[in-house]
2 protein chains.
Amino acid sequence: MKLNTLSRKQEIYRTAAKLFKEKGYSAVTMRDLAAAVGIKAASLYNHITSKQQILSEIILDIAEQFTEGIDAIVDRDTDTITKLKEVIAQHIILTTDNPYGMAALNNDWMHLEGKLDHYLDLRTRYENKFRSIVLEGKESGELKDVNTEILLYSILTTLRNLYLWIPKKGELQKDVLIKELSVTLLQGVEK
Amino acid sequence: MKLNTLSRKQEIYRTAAKLFKEKGYSAVTMRDLAAAVGIKAASLYNHITSKQQILSEIILDIAEQFTEGIDAIVDRDTDTITKLKEVIAQHIILTTDNPYGMAALNNDWMHLEGKLDHYLDLRTRYENKFRSIVLEGKESGELKDVNTEILLYSILTTLRNLYLWIPKKGELQKDVLIKELSVTLLQGVEK
DNA sequence: GTCTATAGCCGGATAGAC
DNA sequence: GTCTATCCGGCTATAGAC
């Protein structure tokens, strides 16, 4: 088992995600991707089957991790604030692991062909679980009585777009970020 | 002057923005755009000069509105919280006016060719003005001592992505939205 | 102002040599 | 596993008839 080298296939996937982040799926050509990897376009096809398959593997891999994660959090026997902090932590961890993939998930999902419906299912399921945490917190009195959809939109959008921002802030420790972002999102900024 | 009809040029720009939102600039072809307008691709060129010019007009028009708006807000002689509420209100108003253009601004700016530098200047200037409001509020003690960049990122991301969400929530009055989103972003959700 | 036709280029993907 | 050569279709934009 190789420890310090990526398989060529892995290298292609990572490079593709990076290019997709910079220009979007449609604007990245197989010639671009090949050049970034250091081979010719035709050679890519010894490792992958199509451009579309690269996209769908990148997106669905992450989407499934998020789904599994929130399923576990929802089932946990804790209070709402703890659950929300766990959701925030999950976003930060998965985004730190794979910021380019997160970009593709956010911006290029509409270019999925065969797997679009599966992606949309996962996405809806995720949003519903998130909403159920929020509704629970409002019933128990842990959360303010603000509009549920505004709250959901506002937190989820911030979390979904962390990829834009996390790579630049490498100096910020992951656990510090989790703590500070939790305060900002949950307790606000006004003194 | 026509009051109830859009000029063909206007119609093309609006339709283009809508298509750019759905699929991204690169994936929208001039044939797609022409079909959506109800003419042939070649006929578009009697009204516009290039695909690129459509994009750049859509994006820079909005970017300049934001820049002018924040310049005025920064110069106002009010407290920080009021300024932040005005920034929030500006985003909601401009996004409600032109949600599709906002999508292009957010997702397709990297496909600007000649005007990319101008766009990046406007964007940096906007972020710096926003940051100056936040720093002022921290000095005056109106804002909590949270990490400035996290605060900036979190609020700006929510505001920049309102286009994803505002069109679906037509029932929510603009002024109610301004008020509720201000509470959520500034005072948090935890009771 | 819209059309048909087409120039000229670039896209994803395959064939087959090495 | 990488290469060169190439297929074939779609792309933006233009030319010129009506």
# chains A, B, ... in the order shown; residues from 1 in each chain; ligands from 1
>>> residues_around(residues="segment 17-26 of chain B", least_positions_apart="3", cutoff="12 Å", atoms="only C-alpha atoms (C1' of nucleotides)", output="PyMOL selection string")
(chain A and resi 23-29+107-112) or (chain B and resi 10-14+29-37+51-59+62+98-112+161+163-164+167) or (chain D and resi 11-12)
>>> interface_residues(of="chain C", to="chain A", cutoff="9 Å", atoms="only C-alpha atoms (C1' of nucleotides)", output="short mmCIF file (atom, residue, chain, number, x, y, z; two decimals) with C-alpha atoms (C1' of nucleotides), in the first residue's frame")
data_model
loop_
_atom_site.label_atom_id
_atom_site.label_comp_id
_atom_site.auth_asym_id
_atom_site.auth_seq_id
_atom_site.Cartn_x
_atom_site.Cartn_y
_atom_site.Cartn_z
"C1'" DG C 11 -14.97 20.15 -27.16
"C1'" DG C 12 -15.11 14.87 -25.39
"C1'" DA C 13 -13.80 10.67 -26.62
"C1'" DT C 14 -11.62 6.64 -29.40
#
>>> residues_around(residues="DC3 of chain D", least_positions_apart="6", cutoff="9 Å", atoms="only C-alpha atoms (C1' of nucleotides)", output="ChimeraX atom specification")
/A:40,42-43 /C:17-18
>>> select_by_dssp(residues="segment 6-180 of chain B", states="alpha helix (DSSP H)", output="JSON, numbers by chain")
{"B": [8, 9, 10, 11, 12, 13, 14, 15, 16, 17, 18, 19, 20, 21, 22, 23, 30, 31, 32, 33, 34, 35, 36, 37, 41, 42, 43, 44, 51, 52, 53, 54, 55, 56, 57, 58, 59, 60, 61, 62, 63, 64, 65, 66, 67, 68, 69, 70, 71, 72, 73, 74, 75, 80, 81, 82, 83, 84, 85, 86, 87, 88, 89, 90, 91, 92, 93, 94, 95, 96, 97, 99, 100, 101, 102, 103, 104, 105, 106, 107, 116, 117, 118, 119, 120, 121, 122, 123, 124, 125, 126, 127, 128, 129, 130, 131, 132, 133, 134, 135, 136, 137, 138, 139, 148, 149, 150, 151, 152, 153, 154, 155, 156, 157, 158, 159, 160, 174, 175, 176, 177, 178, 179, 180]}
>>> closest_atom_pairs(of="chain D", to="chain A", cutoff="12 Å", atoms="only C-alpha atoms (C1' of nucleotides)", output="Markdown table")
| residue | atom | partner | partner_atom | distance |
| --- | --- | --- | --- | --- |
| D:DG1 | C1' | A:Asn46 | CA | 7.2 |
| D:DT2 | C1' | A:Ser43 | CA | 5.9 |
| D:DC3 | C1' | A:Lys40 | CA | 7.7 |
| D:DT4 | C1' | A:Ala42 | CA | 9.7 |
| D:DA5 | C1' | A:Ala42 | CA | 10.9 |
| D:DT6 | C1' | A:Ala42 | CA | 11.6 |
>>> interface_residues(of="chain B", to="chain A", cutoff="9 Å", atoms="only C-alpha atoms", output="number ranges by chain")
B: 22-27, 81, 107-108, 110-111, 141-147, 150-151, 153-159, 161-162, 165, 177, 180-181, 183-191
>>> atom_distance(atom1="atom CA of Lys115 of chain A", atom2="atom CA of Ser7 of chain A")
25.0 Å
>>> residues_around(residues="DT6 of chain C", least_positions_apart="4", cutoff="12 Å", atoms="only C-alpha atoms (C1' of nucleotides)", output="count of residues only")
5
>>> atom_distance(atom1="atom CA of Thr124 of chain B", atom2="atom CA of Lys174 of chain A")
26.1 Å
>>> atom_distance(atom1="atom CA of Val87 of chain B", atom2="atom CA of Gly69 of chain B")
8.2 Å
>>> residues_around(residues="Glu64 of chain A", least_positions_apart="2", cutoff="10 Å", atoms="only C-alpha atoms (C1' of nucleotides)", output="PyMOL selection string")
chain A and resi 59-62+66-69+119+122-123+126
>>> write_last_selection(atoms="C-alpha atoms", output="tab-separated table (two decimals), in the first residue's frame")
chain	number	residue	atom	x	y	z
A	59	ILE	CA	-19.96	15.28	-5.51
A	60	LEU	CA	-21.67	12.11	-4.33
A	61	ASP	CA	-18.77	11.04	-2.18
A	62	ILE	CA	-19.05	14.23	-0.14
A	66	PHE	CA	-22.76	14.75	5.04
A	67	THR	CA	-25.86	12.60	5.05
A	68	GLU	CA	-24.30	9.94	7.25
A	69	GLY	CA	-22.97	12.60	9.58
A	119	TYR	CA	-27.94	14.04	-5.28
A	122	LEU	CA	-29.52	13.48	-0.36
A	123	ARG	CA	-29.70	17.25	-0.30
A	126	TYR	CA	-30.03	16.78	4.76
